[in-house]
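Here the structure comes first, spelled out in structure tokens, and everything after it is commentary.
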2 protein chains.
Amino acid sequence: MGAGETGVIGRATLEDVARAAGVSLATADRVVNRRDGVRDKTIARVEAAVSRLGYRADPAAARLARNQNFRFLFVLPSGANSFMTMLAEQVARTAEWLAAQRAFIDVEHVDVFDADALARVLEGVLPGYHGVATIALDHPRVRAAIDDLADRGVPVVTLVSDVPSARRLHYVGIDNPAAGRTAATLMGRFLGGRQGVVAVIAGSLSLRDHAERLYGFNQVMAREFPDLIMLPAVQGRDDNEQTLAATEALLRQHADLVGLYNAGAGNRGIAAALQQAGRAQEIVWIAHELTPHTRRFLLHGEIDAIISQDPGHEARSAARVLLAYCSGDRLVADQERIGIDIFLRDNLP
Amino acid sequence: MGAGETGVIGRATLEDVARAAGVSLATADRVVNRRDGVRDKTIARVEAAVSRLGYRADPAAARLARNQNFRFLFVLPSGANSFMTMLAEQVARTAEWLAAQRAFIDVEHVDVFDADALARVLEGVLPGYHGVATIALDHPRVRAAIDDLADRGVPVVTLVSDVPSARRLHYVGIDNPAAGRTAATLMGRFLGGRQGVVAVIAGSLSLRDHAERLYGFNQVMAREFPDLIMLPAVQGRDDNEQTLAATEALLRQHADLVGLYNAGAGNRGIAAALQQAGRAQEIVWIAHELTPHTRRFLLHGEIDAIISQDPGHEARSAARVLLAYCSGDRLVADQERIGIDIFLRDNLP
DNA sequence: CTGTTAGCGCATTCAG
DNA sequence: CTGAATGCGCTAACAG
């Protein structure tokens, strides 16, 4: 028993279509796959049969017959903060899944802050790769490298950080200005009328995603919460040491600091500084990316909210987009939209 | 750099394994698929070859050879609030995708509030279905029906609303107590020290998911924000009219109403009542499920935050879980975890 | 322009 | 217990 009789409805096959249209399998295949070399009349006959029988190609069989493998290159940062480490792990996990789809990925690590190094890797992508996913950097040389790949017919998707002006196939990541606005709204509302100074830290102001977050943050703070005093953004280089120092300086200079938004990494530095100053609980601190560390700080009530993106989702999405492009499949658009997640300690995964 | 040496791009096939082990294709297949009738010695030989060559079955080829179709039944509510309508749409969209995987889904509608009707549908599931996904209802008869299906070997996944005590394969939905706690934290923090009364509306207190949300909400309110006065929950039956009436009553009786949490549907009723009373902007209102209506209320500043779940994700997840179970594939656990989404007007999709 | 044929990698009879 | 043979639905040469 079990798998009940496969019943009758074994759907129409290409052969059924061919027979119904009175042509050969090959011809049916030609029109279904929009290859030329078929008279308009027979095209019409076949298409009629297709819609009459409700034919839908079996992609599994097609891939098997085509016997084609894909090879993708993922370019990830070598400097490993927690989020990037998680991303790398998820890419590895995705690789297993992809292998089942006859697609393989190689990973190459490069210093994200170094545009030339990144561009060099992109420029040197070997032929034989069917697609590239990369953490991008908004720099002319990087943009040029991406465009060159596009010219060579290699689709590239940008991951986490975008280069909108390049001819990339797709951007897999969050809307960063919106993420900044989200942080600002939470900041303003959590502060609930308290007066004082709000500071902002970023990894680097020349990283597009960080800059965009600040832009969004400042926009909403100015418009919605004009009573709060915004400090100019300081840089922490996504590094715990430097962020610690920066935070200490802020605390020293502003006794009335009530809010802190870190648009980049280095949260352990902030935690250390706040704890040392004994002001961890009173200051509203909003951070990015759910990692083991930020999770702990959130649970302890130091971080008040985390704005995040799901690295697993991003890795899978990049792979799906590349694969769909290469094999001509459609993709479910809203499955590929990366959401701006908000985590409080109550809705942690 | 570049293409790590996977050497030749084609991976090992079962035939390669067979040859390497010095057995026939059939025998290799027997051990790979754990069928018996093979001597331990040859099993060992084959397994050695498998791991030596790093063999991984090609699922596409396997499905093709097996030539098997699956048929699933989705049981959805007939009473159509916006969220359920969206869910139904997403199920339809998922069906298209599933068809490509040789799996087909039928949808049956039933009144969710009627346990007997639901149980009847579940009891009457025709043989020939390989799996069932259903919006459940925590009722003995429904539980029994689910267990019967399980006994018949039909996997069932509960969707959106769970019956934890039943032998369902999987629950696809959010952690509702946690959702309630999330709402409470937002409520308390958005109120930022304001004093007054907080009201709660639910569709029905006998719906497990609504009850759980209230439980979580009350828990956090009592523990974290003891100064706010909690009103006993009122029922709106997930209906705009009744929810309107309930809200009007609340507004009439409590001039000091500062917060409103709706754990169910019927948000249009609330909006109407608040607008009429002219208190839409001052009351912190937290609602569930992002729909065209709640989105509008959020953008207009009436709703302050929406706690949500992604119906597209849920529909796809239910399908994937069923399909993976039926075809013996593993699934990516954390792709199937349904998150508790928080939407402010800044991070709307 | 159209048809014939030989696989793709695997599951499954049916013999031995 | 094991092996040879057949076919799933489709693609891709290669003939006509």
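A note on labels: chains of the structure tokens are A, B, ... as shown, every chain counts residues from 1, and ligands are counted from 1 in their shown order.
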
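All residues of protein, DNA or RNA that reach within 12 Å of DC10 of chain D, judged by only C-alpha atoms (C1' of nucleotides) and not counting those fewer than 3 positions away in the chain, are Thr13, Leu14, Glu15, Leu25, Ala26, Ala28, Asp29, Arg30, Val32, Asn33, Arg56, Ala57, Asp58, Pro59, Ala60, Ala61, Ala62, Arg63, Leu64, Ala65, Arg66 and Asn67 of chain A; Ala61 and Leu64 of chain B; DG7 and DC8 of chain C.
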
Interface rows for segment 255-304 of chain B against segment 333-346 of chain B: nearest pair, Å to one decimal, 12 Å, only C-alpha atoms, as JSON lines:
{"residue": "B:Trp285", "atom": "CA", "partner": "B:Leu344", "partner_atom": "CA", "distance": 11.8}
{"residue": "B:Ile286", "atom": "CA", "partner": "B:Phe343", "partner_atom": "CA", "distance": 10.3}
{"residue": "B:Ala287", "atom": "CA", "partner": "B:Phe343", "partner_atom": "CA", "distance": 10.1}
{"residue": "B:His288", "atom": "CA", "partner": "B:Ile342", "partner_atom": "CA", "distance": 9.3}
{"residue": "B:Glu289", "atom": "CA", "partner": "B:Asp341", "partner_atom": "CA", "distance": 9.0}
{"residue": "B:Leu290", "atom": "CA", "partner": "B:Phe343", "partner_atom": "CA", "distance": 8.0}
{"residue": "B:Thr291", "atom": "CA", "partner": "B:Phe343", "partner_atom": "CA", "distance": 11.4}
{"residue": "B:Thr294", "atom": "CA", "partner": "B:Phe343", "partner_atom": "CA", "distance": 10.3}
{"residue": "B:Arg295", "atom": "CA", "partner": "B:Arg345", "partner_atom": "CA", "distance": 8.0}
{"residue": "B:Arg296", "atom": "CA", "partner": "B:Arg345", "partner_atom": "CA", "distance": 9.4}
{"residue": "B:Phe297", "atom": "CA", "partner": "B:Arg345", "partner_atom": "CA", "distance": 9.6}
{"residue": "B:Leu298", "atom": "CA", "partner": "B:Arg345", "partner_atom": "CA", "distance": 6.0}
{"residue": "B:Leu299", "atom": "CA", "partner": "B:Arg345", "partner_atom": "CA", "distance": 5.6}
{"residue": "B:His300", "atom": "CA", "partner": "B:Arg345", "partner_atom": "CA", "distance": 8.8}
{"residue": "B:Gly301", "atom": "CA", "partner": "B:Arg345", "partner_atom": "CA", "distance": 8.2}
{"residue": "B:Glu302", "atom": "CA", "partner": "B:Arg345", "partner_atom": "CA", "distance": 10.7}
{"residue": "B:Ile303", "atom": "CA", "partner": "B:Leu344", "partner_atom": "CA", "distance": 8.9}
{"residue": "B:Asp304", "atom": "CA", "partner": "B:Leu344", "partner_atom": "CA", "distance": 6.9}

Output N, CA, C and O atoms for every residue in the selection just made, as a compact mmCIF listing (two decimals), in the first residue's frame.
# COMPACT_ATOMS: atom_id res chain seq x y z
N TRP B 285 -1.39 51.34 19.19
CA TRP B 285 -2.19 50.21 18.72
C TRP B 285 -1.25 49.21 18.02
O TRP B 285 -0.52 49.58 17.10
N ILE B 286 -1.29 47.98 18.51
CA ILE B 286 -0.46 46.95 17.91
C ILE B 286 -1.34 45.85 17.34
O ILE B 286 -2.26 45.38 18.03
N ALA B 287 -1.09 45.48 16.11
CA ALA B 287 -1.96 44.52 15.43
C ALA B 287 -1.15 43.36 14.87
O ALA B 287 0.08 43.38 14.86
N HIS B 288 -1.87 42.37 14.39
CA HIS B 288 -1.22 41.21 13.78
C HIS B 288 -1.49 41.14 12.28
O HIS B 288 -2.57 41.47 11.82
N GLU B 289 -0.51 40.61 11.59
CA GLU B 289 -0.61 40.27 10.17
C GLU B 289 -0.59 41.49 9.25
O GLU B 289 -1.48 42.34 9.30
N LEU B 290 0.41 41.50 8.42
CA LEU B 290 0.52 42.55 7.42
C LEU B 290 -0.41 42.25 6.25
O LEU B 290 -0.22 41.27 5.54
N THR B 291 -1.42 43.08 6.08
CA THR B 291 -2.37 42.94 4.98
C THR B 291 -2.48 44.32 4.33
O THR B 291 -1.95 45.29 4.87
N THR B 294 -3.90 46.62 7.19
CA THR B 294 -3.02 46.98 8.30
C THR B 294 -1.85 47.82 7.79
O THR B 294 -1.38 48.71 8.47
N ARG B 295 -1.42 47.53 6.58
CA ARG B 295 -0.34 48.32 6.00
C ARG B 295 -0.74 49.78 5.92
O ARG B 295 0.02 50.69 6.28
N ARG B 296 -1.93 50.02 5.46
CA ARG B 296 -2.42 51.40 5.34
C ARG B 296 -2.50 52.07 6.71
O ARG B 296 -2.03 53.20 6.90
N PHE B 297 -3.04 51.36 7.67
CA PHE B 297 -3.17 51.95 9.01
C PHE B 297 -1.80 52.23 9.62
O PHE B 297 -1.61 53.20 10.34
N LEU B 298 -0.85 51.38 9.30
CA LEU B 298 0.51 51.58 9.81
C LEU B 298 1.12 52.83 9.17
O LEU B 298 1.72 53.68 9.84
N LEU B 299 0.95 52.95 7.87
CA LEU B 299 1.52 54.10 7.17
C LEU B 299 0.89 55.41 7.63
O LEU B 299 1.54 56.44 7.66
N HIS B 300 -0.39 55.34 8.01
CA HIS B 300 -1.07 56.55 8.47
C HIS B 300 -0.79 56.85 9.94
O HIS B 300 -1.36 57.78 10.49
N GLY B 301 0.01 56.01 10.58
CA GLY B 301 0.34 56.28 11.97
C GLY B 301 -0.74 55.86 12.95
O GLY B 301 -0.70 56.21 14.12
N GLU B 302 -1.72 55.09 12.48
CA GLU B 302 -2.75 54.63 13.42
C GLU B 302 -2.24 53.38 14.13
O GLU B 302 -2.18 53.32 15.34
N ILE B 303 -1.89 52.39 13.33
CA ILE B 303 -1.22 51.23 13.92
C ILE B 303 0.23 51.64 14.18
O ILE B 303 0.86 52.32 13.36
N ASP B 304 0.76 51.23 15.33
CA ASP B 304 2.14 51.60 15.67
C ASP B 304 3.14 50.53 15.31
O ASP B 304 4.31 50.80 15.07

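Using only C-alpha atoms (C1' of nucleotides), the contacts of DT6 of chain D at a cut-off of 12 Å, with sequence neighbours closer than 6 positions omitted, comprise Ala65 of chain B; DA11, DT12, DT13 and DC14 of chain C.
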
Open item on the list: Just list as an NGL selection string whatever in segment 195-265 of chain B DSSP marks as alpha helix (DSSP H).
Closed with: :B and (208-224 or 240-253)

Give me, as CSV, the closest atom pair and its distance (Å, one decimal) for every residue of chain D within a cut-off of 9 Å of chain A, counting only C-alpha atoms (C1' of nucleotides), rows sorted by chain and rising number.
residue,atom,partner,partner_atom,distance
D:DC8,C1',A:Ala61,CA,8.2
D:DG9,C1',A:Ala61,CA,5.3
D:DC10,C1',A:Ala62,CA,4.9
D:DT11,C1',A:Ala65,CA,5.3
D:DA12,C1',A:Arg66,CA,8.2

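Separating atom CA of Pro232 of chain A from atom CA of Val198 of chain A is a distance of 9.3 Å.
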
TODO: Rounded to one decimal place, report the atom CA of Ala315 of chain A-atom CA of Ile307 of chain B distance in Å.
DONE: 25.5 Å

Open item on the list: Give me the residues near DC1 of chain D as a list in words, where near means some atom within 10 Å (using only C-alpha atoms (C1' of nucleotides)) and where sequence neighbours in that chain fewer than 6 positions away do not count.
Closed with: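 Skipping anything fewer than 6 positions along the chain leaves Thr27, Asp36, Gly37, Val38 and Arg39 of chain B.
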
Residues from the last selection, N, CA, C and O atoms, saved as an mmCIF file, in the first residue's frame:
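Contents of result.cif, freshly written:
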data_model
loop_
_atom_site.group_PDB
_atom_site.id
_atom_site.type_symbol
_atom_site.label_atom_id
_atom_site.label_comp_id
_atom_site.auth_asym_id
_atom_site.auth_seq_id
_atom_site.Cartn_x
_atom_site.Cartn_y
_atom_site.Cartn_z
ATOM 1 N N THR B 27 23.188 -3.891 -7.885
ATOM 2 C CA THR B 27 23.663 -4.140 -6.524
ATOM 3 C C THR B 27 24.070 -2.831 -5.844
ATOM 4 O O THR B 27 23.722 -2.588 -4.692
ATOM 5 N N ASP B 36 17.498 -4.647 1.243
ATOM 6 C CA ASP B 36 18.255 -5.807 1.686
ATOM 7 C C ASP B 36 18.398 -6.828 0.558
ATOM 8 O O ASP B 36 17.892 -6.636 -0.551
ATOM 9 N N GLY B 37 19.065 -7.888 0.892
ATOM 10 C CA GLY B 37 19.336 -8.903 -0.115
ATOM 11 C C GLY B 37 20.738 -8.729 -0.681
ATOM 12 O O GLY B 37 20.992 -9.029 -1.849
ATOM 13 N N VAL B 38 21.621 -8.234 0.158
ATOM 14 C CA VAL B 38 23.006 -8.072 -0.277
ATOM 15 C C VAL B 38 23.912 -8.564 0.853
ATOM 16 O O VAL B 38 23.645 -8.297 2.030
ATOM 17 N N ARG B 39 24.925 -9.304 0.498
ATOM 18 C CA ARG B 39 25.841 -9.818 1.514
ATOM 19 C C ARG B 39 26.579 -8.675 2.195
ATOM 20 O O ARG B 39 26.931 -7.691 1.540
#

Task: Backbone DSSP call of strand (DSSP E or B) for segment 194-272 of chain A, listed as JSON, numbers by chain - done: {"A": [197, 198, 199, 200, 201, 202, 229, 230, 234, 235, 257, 258, 259, 260, 261, 262]}
